[in-house]
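Report on one structure; see the data block that follows.
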Number of protein chains: 2
Amino acid sequence: MRTHFQRDLDQMQLHILGMAAMVERVIDQTIRAFQTRQPGLAEEVIRGDENIDQEENFVEEECLKMLALHQPVAVDLRRIVAVLKINGDLERMADLSVNIAERVLMLGEGPTLPFPGKVQWMAEVTKQMVRQSLEAFVQMDAHLARRVIRMDDDVDRLNKEIIDELIVLMQSQPGCVTQGLSVFSAVRHLERIADHATNIAEDVVYLVEGEIIRHRLPEAVAG
Amino acid sequence: MRTHFQRDLDQMQLHILGMAAMVERVIDQTIRAFQTRQPGLAEEVIRGDENIDQEENFVEEECLKMLALHQPVAVDLRRIVAVLKINGDLERMADLSVNIAERVLMLGEGPTLPFPGKVQWMAEVTKQMVRQSLEAFVQMDAHLARRVIRMDDDVDRLNKEIIDELIVLMQSQPGCVTQGLSVFSAVRHLERIADHATNIAEDVVYLVEGEIIRHRLPEAVAG
């Protein structure tokens with residue numbers, strides 16, 4: 001029974017890793033669409049969301065089957081529930097990418113605003129967070145998970161710097177307010193994607209160490 | 001066994017209803033803090049978040065216990081998994097309220113921007129969505145859940161109208177850009193709270209009708 005469960009769990013982890021890779025690709029595509037203002041690329045992101053939605057439904061159904069079939073307890077039960085939660089986080093990340101892609105389509109109209117270079121940097125850190133939070137889950141590596149949680153501080157700092165630059169730009173060029181708001185919104189979505197990766201990392205620390213760190217102060221998390 | 005499970009499930013539903021009531025109160029407080037620019041009220045929202053976090057942890061632990069103890073299958077299993085997901089949605093709603101409260105603290109500084117009257121309306125619809133999505137879950141009422149899903153269109157429309165007004169304001173008064181962005185951000189957070197209520201309502205429809213509507217087109221959902 002245990003072996004069968006383990007095989008199903010491995011299978012499930014492969015699926016969730018595949019989903020994370022899809023999400024990383026989507027973030028990549030979205031930021032490229034954002035940088036190059038290619039509506040075609042943005043539309044591709046929006047269309048591709050259906051695949052991730054289907055994958056989410058599949059993983060959820062498989063988790064329910066595993067719960068019903070193996071009736072796991074203790075750490076096995078926690079792992080399945082963690083997969084359910086990670087699954088939800090990944091799907092929301094993809095949704096947020098779609099929101100950014102929709103902003104890109106809006107940006108297409110009107111005067112061109114200079115693309116803040118730090119957005120690329122922020123996207124790179126965010127993708128790393130997505131990848132490493134999943135790695136931390138599969139390896140049950142609390143140390144790596146804590147590193148992901150700390151990376152979120154970099155994303156928050158970049159987010160703040162980009163917004164400060166946007167404010168200066170919008171104040172000096174009121175004609176750019178509409179476009180500025182689109183960039184602002186897109187950057188906030190990116191920051192929220194990083195938050196979901198942080199949620200995953202926090203769940204991993206909890207899984208490994210059996211303590212709820214999600215709602216602790218940052219000092220306690222950084223340790 | 002069934003009766004014991006039913007009793008535990010009822011207990012769990014009471015907890016999740018209590019949590020929803022807390023979230024409604026928090027939204028209320030946040031919008032009042034926003035309207036009246038009372039930093040004290042905003043700080044109260046931020047401090048109170050700890051209670052909701054503790055409640056979330058409690059509900060999650062109880063769900064895990066129920067899964068381990070009763071090893072439910074079929075619809076009972078789905079209901080527990082639904083509670084886990086609703087629990088996460090409610091906690092995120094409270095987090096988003098905290099984000100709005102943080103914006104209120106920032107709004108305190110600088111010149112005063114007129115408060116968009118439609119925000120109050122948007123908040124009212126959002127609170128209704130929170131309450132009715134939970135009612136729909138407890139009553140297993142797919143009809144009510146679909147009504148909640150349709151209400152999200154009203155929130156989206158109000159969100160768009162408020163943002164259009166903000167754009168005009170920021171274009172005509174560049175000195176208000178920083179404050180305008182805070183209002184923009186707060187309104188987007190409110191819209192996202194409504195999205196979480198929609199998620200809950202979609203889960204209810206799925207629970208009752210056994211079909212995954214989350215990733216269907218709006219036409220299919222509205223029916």
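By order of appearance in the structure tokens: chains A, B, ..., then residues from 1 within every chain, and ligands from 1 in the order shown.
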Q | Residue list (alpha helix (DSSP H), DSSP) for stretch 33-216 of chain B, as a PyMOL selection string | A | chain B and resi 33-36+39-70+74-107+118-139+142-172+177-209
Selection above as a file: C-alpha atoms, as a compact mmCIF listing (two decimals), in the first residue's frame:
```
# COMPACT_ATOMS: atom_id res chain seq x y z
CA ALA B 33 -10.83 53.87 7.45
CA PHE B 34 -10.39 54.61 3.75
CA GLN B 35 -13.35 57.04 3.61
CA THR B 36 -12.61 58.87 6.82
CA PRO B 39 -5.09 55.89 10.72
CA GLY B 40 -6.29 54.43 14.04
CA LEU B 41 -8.97 52.40 12.28
CA ALA B 42 -6.51 51.22 9.65
CA GLU B 43 -4.06 50.13 12.35
CA GLU B 44 -6.85 48.21 14.05
CA VAL B 45 -7.44 46.27 10.81
CA ILE B 46 -3.72 45.47 10.56
CA ARG B 47 -3.49 44.32 14.18
CA GLY B 48 -6.69 42.25 13.92
CA ASP B 49 -5.29 40.17 11.06
CA GLU B 50 -3.53 37.91 13.55
CA ASN B 51 -6.87 36.58 14.80
CA ILE B 52 -7.92 35.60 11.30
CA ASP B 53 -4.54 33.95 10.67
CA GLN B 54 -4.94 31.91 13.84
CA GLU B 55 -8.45 30.94 12.83
CA GLU B 56 -7.15 29.84 9.42
CA ASN B 57 -4.50 27.64 11.03
CA PHE B 58 -7.11 26.18 13.38
CA VAL B 59 -9.54 25.32 10.56
CA GLU B 60 -6.76 23.75 8.49
CA GLU B 61 -5.65 21.57 11.39
CA GLU B 62 -9.24 20.53 12.06
CA CYS B 63 -9.71 19.59 8.41
CA LEU B 64 -6.56 17.46 8.50
CA LYS B 65 -7.83 15.77 11.66
CA MET B 66 -11.19 15.07 10.03
CA LEU B 67 -9.50 13.58 6.96
CA ALA B 68 -7.27 11.37 9.11
CA LEU B 69 -10.01 10.37 11.57
CA HIS B 70 -13.05 9.84 9.34
CA ALA B 74 -17.04 10.96 -2.31
CA VAL B 75 -19.08 14.05 -1.44
CA ASP B 76 -17.88 14.17 2.19
CA LEU B 77 -14.27 14.25 1.01
CA ARG B 78 -15.10 17.02 -1.46
CA ARG B 79 -16.76 19.06 1.26
CA ILE B 80 -13.68 18.90 3.49
CA VAL B 81 -11.42 19.85 0.60
CA ALA B 82 -13.84 22.70 -0.17
CA VAL B 83 -13.52 23.92 3.45
CA LEU B 84 -9.73 23.88 3.06
CA LYS B 85 -9.97 26.00 -0.07
CA ILE B 86 -12.57 28.41 1.34
CA ASN B 87 -10.39 28.77 4.42
CA GLY B 88 -7.49 29.87 2.20
CA ASP B 89 -9.71 32.26 0.25
CA LEU B 90 -11.00 33.91 3.44
CA GLU B 91 -7.51 34.37 4.79
CA ARG B 92 -6.37 35.99 1.53
CA MET B 93 -9.37 38.33 1.66
CA ALA B 94 -8.27 39.47 5.11
CA ASP B 95 -4.72 39.93 3.80
CA LEU B 96 -6.04 42.09 0.97
CA SER B 97 -7.94 44.19 3.52
CA VAL B 98 -4.67 44.66 5.38
CA ASN B 99 -3.10 45.83 2.12
CA ILE B 100 -5.90 48.38 1.75
CA ALA B 101 -5.41 49.49 5.36
CA GLU B 102 -1.70 49.99 4.64
CA ARG B 103 -2.67 52.19 1.69
CA VAL B 104 -4.91 54.21 4.02
CA LEU B 105 -1.90 54.87 6.25
CA MET B 106 -0.01 56.11 3.18
CA LEU B 107 -2.98 58.23 2.07
CA LYS B 118 -18.52 54.33 -5.89
CA VAL B 119 -15.93 52.63 -3.67
CA GLN B 120 -18.54 52.40 -0.92
CA TRP B 121 -20.96 50.76 -3.34
CA MET B 122 -18.27 48.37 -4.56
CA ALA B 123 -17.48 47.43 -0.96
CA GLU B 124 -21.17 46.75 -0.23
CA VAL B 125 -21.48 44.40 -3.21
CA THR B 126 -18.22 42.69 -2.20
CA LYS B 127 -19.41 42.10 1.37
CA GLN B 128 -22.67 40.65 0.04
CA MET B 129 -20.64 38.33 -2.18
CA VAL B 130 -18.59 37.12 0.79
CA ARG B 131 -21.70 36.47 2.90
CA GLN B 132 -23.75 34.83 0.15
CA SER B 133 -20.91 32.63 -1.13
CA LEU B 134 -20.59 31.17 2.37
CA GLU B 135 -24.37 30.84 2.70
CA ALA B 136 -24.38 29.03 -0.63
CA PHE B 137 -21.72 26.65 0.70
CA VAL B 138 -23.50 25.86 3.94
CA GLN B 139 -26.89 25.43 2.21
CA ALA B 142 -25.93 26.31 -6.50
CA HIS B 143 -28.53 28.88 -7.49
CA LEU B 144 -27.31 31.36 -4.87
CA ALA B 145 -23.70 30.57 -5.81
CA ARG B 146 -24.40 31.46 -9.43
CA ARG B 147 -25.93 34.74 -8.28
CA VAL B 148 -22.68 35.54 -6.46
CA ILE B 149 -20.72 34.78 -9.64
CA ARG B 150 -22.91 37.23 -11.57
CA MET B 151 -22.42 39.91 -8.89
CA ASP B 152 -18.73 39.89 -9.71
CA ASP B 153 -19.62 41.56 -13.02
CA ASP B 154 -21.04 44.52 -11.06
CA VAL B 155 -17.81 44.74 -9.07
CA ASP B 156 -15.73 44.66 -12.25
CA ARG B 157 -17.87 47.39 -13.81
CA LEU B 158 -17.61 49.62 -10.73
CA ASN B 159 -13.86 48.96 -10.60
CA LYS B 160 -13.49 50.13 -14.20
CA GLU B 161 -15.62 53.25 -13.64
CA ILE B 162 -13.66 54.25 -10.52
CA ILE B 163 -10.35 53.79 -12.34
CA ASP B 164 -11.55 55.90 -15.29
CA GLU B 165 -12.45 58.67 -12.83
CA LEU B 166 -9.04 58.35 -11.16
CA ILE B 167 -7.25 58.67 -14.51
CA VAL B 168 -9.04 61.95 -15.29
CA LEU B 169 -8.20 63.23 -11.81
CA MET B 170 -4.52 62.29 -11.99
CA GLN B 171 -4.16 63.78 -15.46
CA SER B 172 -5.62 67.09 -14.38
CA VAL B 177 -0.46 60.96 -8.65
CA THR B 178 0.95 59.30 -5.51
CA GLN B 179 -2.40 59.42 -3.73
CA GLY B 180 -4.22 58.41 -6.89
CA LEU B 181 -2.05 55.30 -7.12
CA SER B 182 -2.90 54.43 -3.52
CA VAL B 183 -6.61 54.68 -4.27
CA PHE B 184 -6.11 52.71 -7.49
CA SER B 185 -4.30 50.01 -5.57
CA ALA B 186 -6.90 49.85 -2.81
CA VAL B 187 -9.72 49.53 -5.34
CA ARG B 188 -7.88 46.72 -7.12
CA HIS B 189 -7.48 44.91 -3.80
CA LEU B 190 -11.22 45.23 -3.21
CA GLU B 191 -11.84 43.79 -6.66
CA ARG B 192 -9.57 40.88 -5.78
CA ILE B 193 -11.52 40.23 -2.58
CA ALA B 194 -14.62 39.88 -4.76
CA ASP B 195 -12.66 37.44 -6.97
CA HIS B 196 -12.00 35.23 -3.95
CA ALA B 197 -15.74 35.23 -3.14
CA THR B 198 -16.31 34.21 -6.75
CA ASN B 199 -13.82 31.34 -6.32
CA ILE B 200 -15.82 30.12 -3.33
CA ALA B 201 -19.08 30.36 -5.27
CA GLU B 202 -17.56 28.42 -8.16
CA ASP B 203 -16.42 25.70 -5.78
CA VAL B 204 -19.97 25.50 -4.43
CA VAL B 205 -21.47 25.07 -7.89
CA TYR B 206 -18.90 22.36 -8.57
CA LEU B 207 -19.68 20.64 -5.28
CA VAL B 208 -23.40 20.68 -5.91
CA GLU B 209 -23.46 19.98 -9.60
```
Please, can I see chain A fitted onto chain B by all in-order Cα atoms (least squares), as a compact mmCIF listing (two decimals) with C-alpha atoms, in the first residue's frame?
```txt
# COMPACT_ATOMS: atom_id res chain seq x y z
CA MET A 1 -19.41 7.17 12.24
CA ARG A 2 -21.43 9.14 9.78
CA THR A 3 -23.17 11.06 12.59
CA HIS A 4 -19.88 11.86 14.26
CA PHE A 5 -18.52 13.05 10.93
CA GLN A 6 -21.63 15.15 10.37
CA ARG A 7 -21.23 16.75 13.81
CA ASP A 8 -17.59 17.58 13.10
CA LEU A 9 -18.52 18.96 9.71
CA ASP A 10 -21.24 21.17 11.24
CA GLN A 11 -18.69 22.44 13.74
CA MET A 12 -16.28 23.17 10.91
CA GLN A 13 -18.95 25.07 9.02
CA LEU A 14 -19.66 27.19 12.07
CA HIS A 15 -15.98 28.08 12.25
CA ILE A 16 -15.79 28.99 8.61
CA LEU A 17 -18.96 31.07 8.89
CA GLY A 18 -17.47 32.86 11.89
CA MET A 19 -14.36 33.54 9.86
CA ALA A 20 -16.44 34.94 6.99
CA ALA A 21 -18.22 37.26 9.44
CA MET A 22 -14.81 38.44 10.67
CA VAL A 23 -13.73 39.12 7.09
CA GLU A 24 -16.92 41.08 6.40
CA ARG A 25 -16.28 43.21 9.47
CA VAL A 26 -12.70 43.78 8.38
CA ILE A 27 -13.82 44.93 4.91
CA ASP A 28 -16.28 47.29 6.58
CA GLN A 29 -13.66 48.73 8.91
CA THR A 30 -11.16 49.06 6.08
CA ILE A 31 -13.55 51.01 3.87
CA ARG A 32 -14.52 53.26 6.78
CA ALA A 33 -10.84 53.87 7.47
CA PHE A 34 -10.39 54.61 3.76
CA GLN A 35 -13.34 57.03 3.61
CA THR A 36 -12.60 58.88 6.83
CA ARG A 37 -8.78 58.65 6.63
CA GLN A 38 -8.55 57.40 10.21
CA PRO A 39 -5.10 55.88 10.74
CA GLY A 40 -6.31 54.42 14.06
CA LEU A 41 -8.98 52.39 12.31
CA ALA A 42 -6.51 51.22 9.66
CA GLU A 43 -4.06 50.12 12.37
CA GLU A 44 -6.86 48.18 14.06
CA VAL A 45 -7.44 46.25 10.82
CA ILE A 46 -3.73 45.47 10.56
CA ARG A 47 -3.50 44.31 14.19
CA GLY A 48 -6.70 42.23 13.93
CA ASP A 49 -5.29 40.16 11.06
CA GLU A 50 -3.53 37.92 13.55
CA ASN A 51 -6.87 36.58 14.80
CA ILE A 52 -7.92 35.61 11.29
CA ASP A 53 -4.54 33.96 10.68
CA GLN A 54 -4.94 31.91 13.85
CA GLU A 55 -8.45 30.94 12.83
CA GLU A 56 -7.14 29.86 9.42
CA ASN A 57 -4.50 27.65 11.04
CA PHE A 58 -7.11 26.19 13.38
CA VAL A 59 -9.54 25.34 10.56
CA GLU A 60 -6.76 23.77 8.49
CA GLU A 61 -5.65 21.59 11.39
CA GLU A 62 -9.25 20.54 12.07
CA CYS A 63 -9.72 19.60 8.41
CA LEU A 64 -6.57 17.47 8.51
CA LYS A 65 -7.84 15.79 11.68
CA MET A 66 -11.19 15.08 10.05
CA LEU A 67 -9.51 13.60 6.98
CA ALA A 68 -7.29 11.38 9.13
CA LEU A 69 -10.02 10.37 11.59
CA HIS A 70 -13.05 9.85 9.36
CA GLN A 71 -11.27 9.09 6.09
CA PRO A 72 -14.24 10.43 4.16
CA VAL A 73 -14.87 9.58 0.52
CA ALA A 74 -17.03 10.96 -2.30
CA VAL A 75 -19.08 14.05 -1.43
CA ASP A 76 -17.88 14.17 2.19
CA LEU A 77 -14.28 14.26 1.02
CA ARG A 78 -15.11 17.01 -1.46
CA ARG A 79 -16.75 19.06 1.26
CA ILE A 80 -13.67 18.92 3.49
CA VAL A 81 -11.41 19.86 0.60
CA ALA A 82 -13.83 22.71 -0.17
CA VAL A 83 -13.52 23.93 3.44
CA LEU A 84 -9.73 23.89 3.06
CA LYS A 85 -9.97 26.00 -0.08
CA ILE A 86 -12.57 28.41 1.33
CA ASN A 87 -10.39 28.78 4.39
CA GLY A 88 -7.49 29.86 2.20
CA ASP A 89 -9.71 32.26 0.25
CA LEU A 90 -11.00 33.92 3.42
CA GLU A 91 -7.50 34.37 4.79
CA ARG A 92 -6.37 36.00 1.52
CA MET A 93 -9.37 38.33 1.66
CA ALA A 94 -8.27 39.46 5.12
CA ASP A 95 -4.72 39.93 3.80
CA LEU A 96 -6.03 42.09 0.97
CA SER A 97 -7.94 44.19 3.52
CA VAL A 98 -4.68 44.66 5.39
CA ASN A 99 -3.10 45.82 2.12
CA ILE A 100 -5.89 48.38 1.75
CA ALA A 101 -5.41 49.49 5.37
CA GLU A 102 -1.70 49.98 4.66
CA ARG A 103 -2.68 52.18 1.70
CA VAL A 104 -4.91 54.21 4.04
CA LEU A 105 -1.89 54.86 6.27
CA MET A 106 -0.01 56.09 3.18
CA LEU A 107 -2.97 58.22 2.07
CA GLY A 108 -2.76 60.04 5.40
CA GLU A 109 0.21 61.99 4.05
CA GLY A 110 0.03 64.67 1.36
CA PRO A 111 -2.93 66.54 -0.14
CA THR A 112 -6.42 65.10 0.23
CA LEU A 113 -7.93 63.43 -2.79
CA PRO A 114 -11.73 63.31 -3.06
CA PHE A 115 -12.98 59.86 -2.04
CA PRO A 116 -14.71 58.14 -5.00
CA GLY A 117 -18.30 57.51 -3.85
CA LYS A 118 -18.54 54.33 -5.89
CA VAL A 119 -15.94 52.64 -3.68
CA GLN A 120 -18.54 52.40 -0.92
CA TRP A 121 -20.97 50.78 -3.35
CA MET A 122 -18.28 48.38 -4.56
CA ALA A 123 -17.48 47.43 -0.97
CA GLU A 124 -21.16 46.74 -0.24
CA VAL A 125 -21.47 44.40 -3.21
CA THR A 126 -18.22 42.69 -2.22
CA LYS A 127 -19.41 42.10 1.37
CA GLN A 128 -22.67 40.64 0.04
CA MET A 129 -20.64 38.33 -2.18
CA VAL A 130 -18.59 37.12 0.78
CA ARG A 131 -21.70 36.46 2.89
CA GLN A 132 -23.73 34.83 0.14
CA SER A 133 -20.91 32.65 -1.13
CA LEU A 134 -20.60 31.17 2.37
CA GLU A 135 -24.37 30.82 2.69
CA ALA A 136 -24.38 29.03 -0.65
CA PHE A 137 -21.71 26.66 0.67
CA VAL A 138 -23.49 25.86 3.92
CA GLN A 139 -26.87 25.41 2.19
CA MET A 140 -25.27 23.69 -0.83
CA ASP A 141 -27.26 26.17 -2.95
CA ALA A 142 -25.92 26.31 -6.51
CA HIS A 143 -28.53 28.89 -7.51
CA LEU A 144 -27.30 31.36 -4.89
CA ALA A 145 -23.69 30.56 -5.82
CA ARG A 146 -24.41 31.45 -9.46
CA ARG A 147 -25.92 34.73 -8.30
CA VAL A 148 -22.66 35.53 -6.47
CA ILE A 149 -20.71 34.76 -9.66
CA ARG A 150 -22.90 37.22 -11.58
CA MET A 151 -22.41 39.90 -8.90
CA ASP A 152 -18.73 39.88 -9.73
CA ASP A 153 -19.62 41.55 -13.03
CA ASP A 154 -21.03 44.52 -11.06
CA VAL A 155 -17.82 44.75 -9.07
CA ASP A 156 -15.74 44.65 -12.25
CA ARG A 157 -17.88 47.39 -13.82
CA LEU A 158 -17.61 49.62 -10.73
CA ASN A 159 -13.87 48.95 -10.60
CA LYS A 160 -13.51 50.13 -14.20
CA GLU A 161 -15.62 53.25 -13.63
CA ILE A 162 -13.65 54.24 -10.52
CA ILE A 163 -10.35 53.78 -12.34
CA ASP A 164 -11.56 55.88 -15.28
CA GLU A 165 -12.46 58.67 -12.82
CA LEU A 166 -9.05 58.34 -11.17
CA ILE A 167 -7.26 58.66 -14.50
CA VAL A 168 -9.04 61.93 -15.29
CA LEU A 169 -8.21 63.21 -11.81
CA MET A 170 -4.53 62.27 -11.98
CA GLN A 171 -4.17 63.74 -15.46
CA SER A 172 -5.62 67.08 -14.37
CA GLN A 173 -3.78 67.16 -11.02
CA PRO A 174 -0.30 65.62 -11.39
CA GLY A 175 0.39 66.47 -7.74
CA CYS A 176 -2.19 63.82 -6.82
CA VAL A 177 -0.47 60.96 -8.66
CA THR A 178 0.96 59.30 -5.52
CA GLN A 179 -2.39 59.43 -3.73
CA GLY A 180 -4.22 58.40 -6.89
CA LEU A 181 -2.04 55.29 -7.12
CA SER A 182 -2.91 54.43 -3.52
CA VAL A 183 -6.63 54.68 -4.27
CA PHE A 184 -6.11 52.70 -7.49
CA SER A 185 -4.29 50.01 -5.57
CA ALA A 186 -6.91 49.86 -2.80
CA VAL A 187 -9.72 49.53 -5.35
CA ARG A 188 -7.87 46.73 -7.12
CA HIS A 189 -7.47 44.92 -3.80
CA LEU A 190 -11.21 45.23 -3.23
CA GLU A 191 -11.84 43.79 -6.66
CA ARG A 192 -9.57 40.89 -5.79
CA ILE A 193 -11.52 40.23 -2.59
CA ALA A 194 -14.62 39.88 -4.76
CA ASP A 195 -12.66 37.45 -6.99
CA HIS A 196 -12.00 35.24 -3.96
CA ALA A 197 -15.74 35.23 -3.15
CA THR A 198 -16.31 34.21 -6.77
CA ASN A 199 -13.81 31.35 -6.34
CA ILE A 200 -15.81 30.12 -3.35
CA ALA A 201 -19.08 30.36 -5.28
CA GLU A 202 -17.54 28.42 -8.18
CA ASP A 203 -16.40 25.70 -5.80
CA VAL A 204 -19.96 25.50 -4.45
CA VAL A 205 -21.46 25.05 -7.92
CA TYR A 206 -18.89 22.36 -8.59
CA LEU A 207 -19.67 20.65 -5.29
CA VAL A 208 -23.41 20.68 -5.92
CA GLU A 209 -23.45 19.98 -9.60
CA GLY A 210 -20.27 17.98 -9.88
CA GLU A 211 -19.04 19.96 -12.84
CA ILE A 212 -15.98 22.10 -13.05
CA ILE A 213 -17.22 25.54 -13.99
CA ARG A 214 -14.26 27.45 -12.70
CA HIS A 215 -12.54 27.55 -16.03
CA ARG A 216 -15.52 27.94 -18.32
CA LEU A 217 -16.49 31.01 -20.26
CA PRO A 218 -18.70 33.61 -18.48
CA GLU A 219 -21.68 32.68 -20.69
CA ALA A 220 -21.63 29.12 -19.40
CA VAL A 221 -21.41 30.34 -15.80
CA ALA A 222 -24.22 32.87 -16.01
CA GLY A 223 -26.84 30.29 -17.07
```
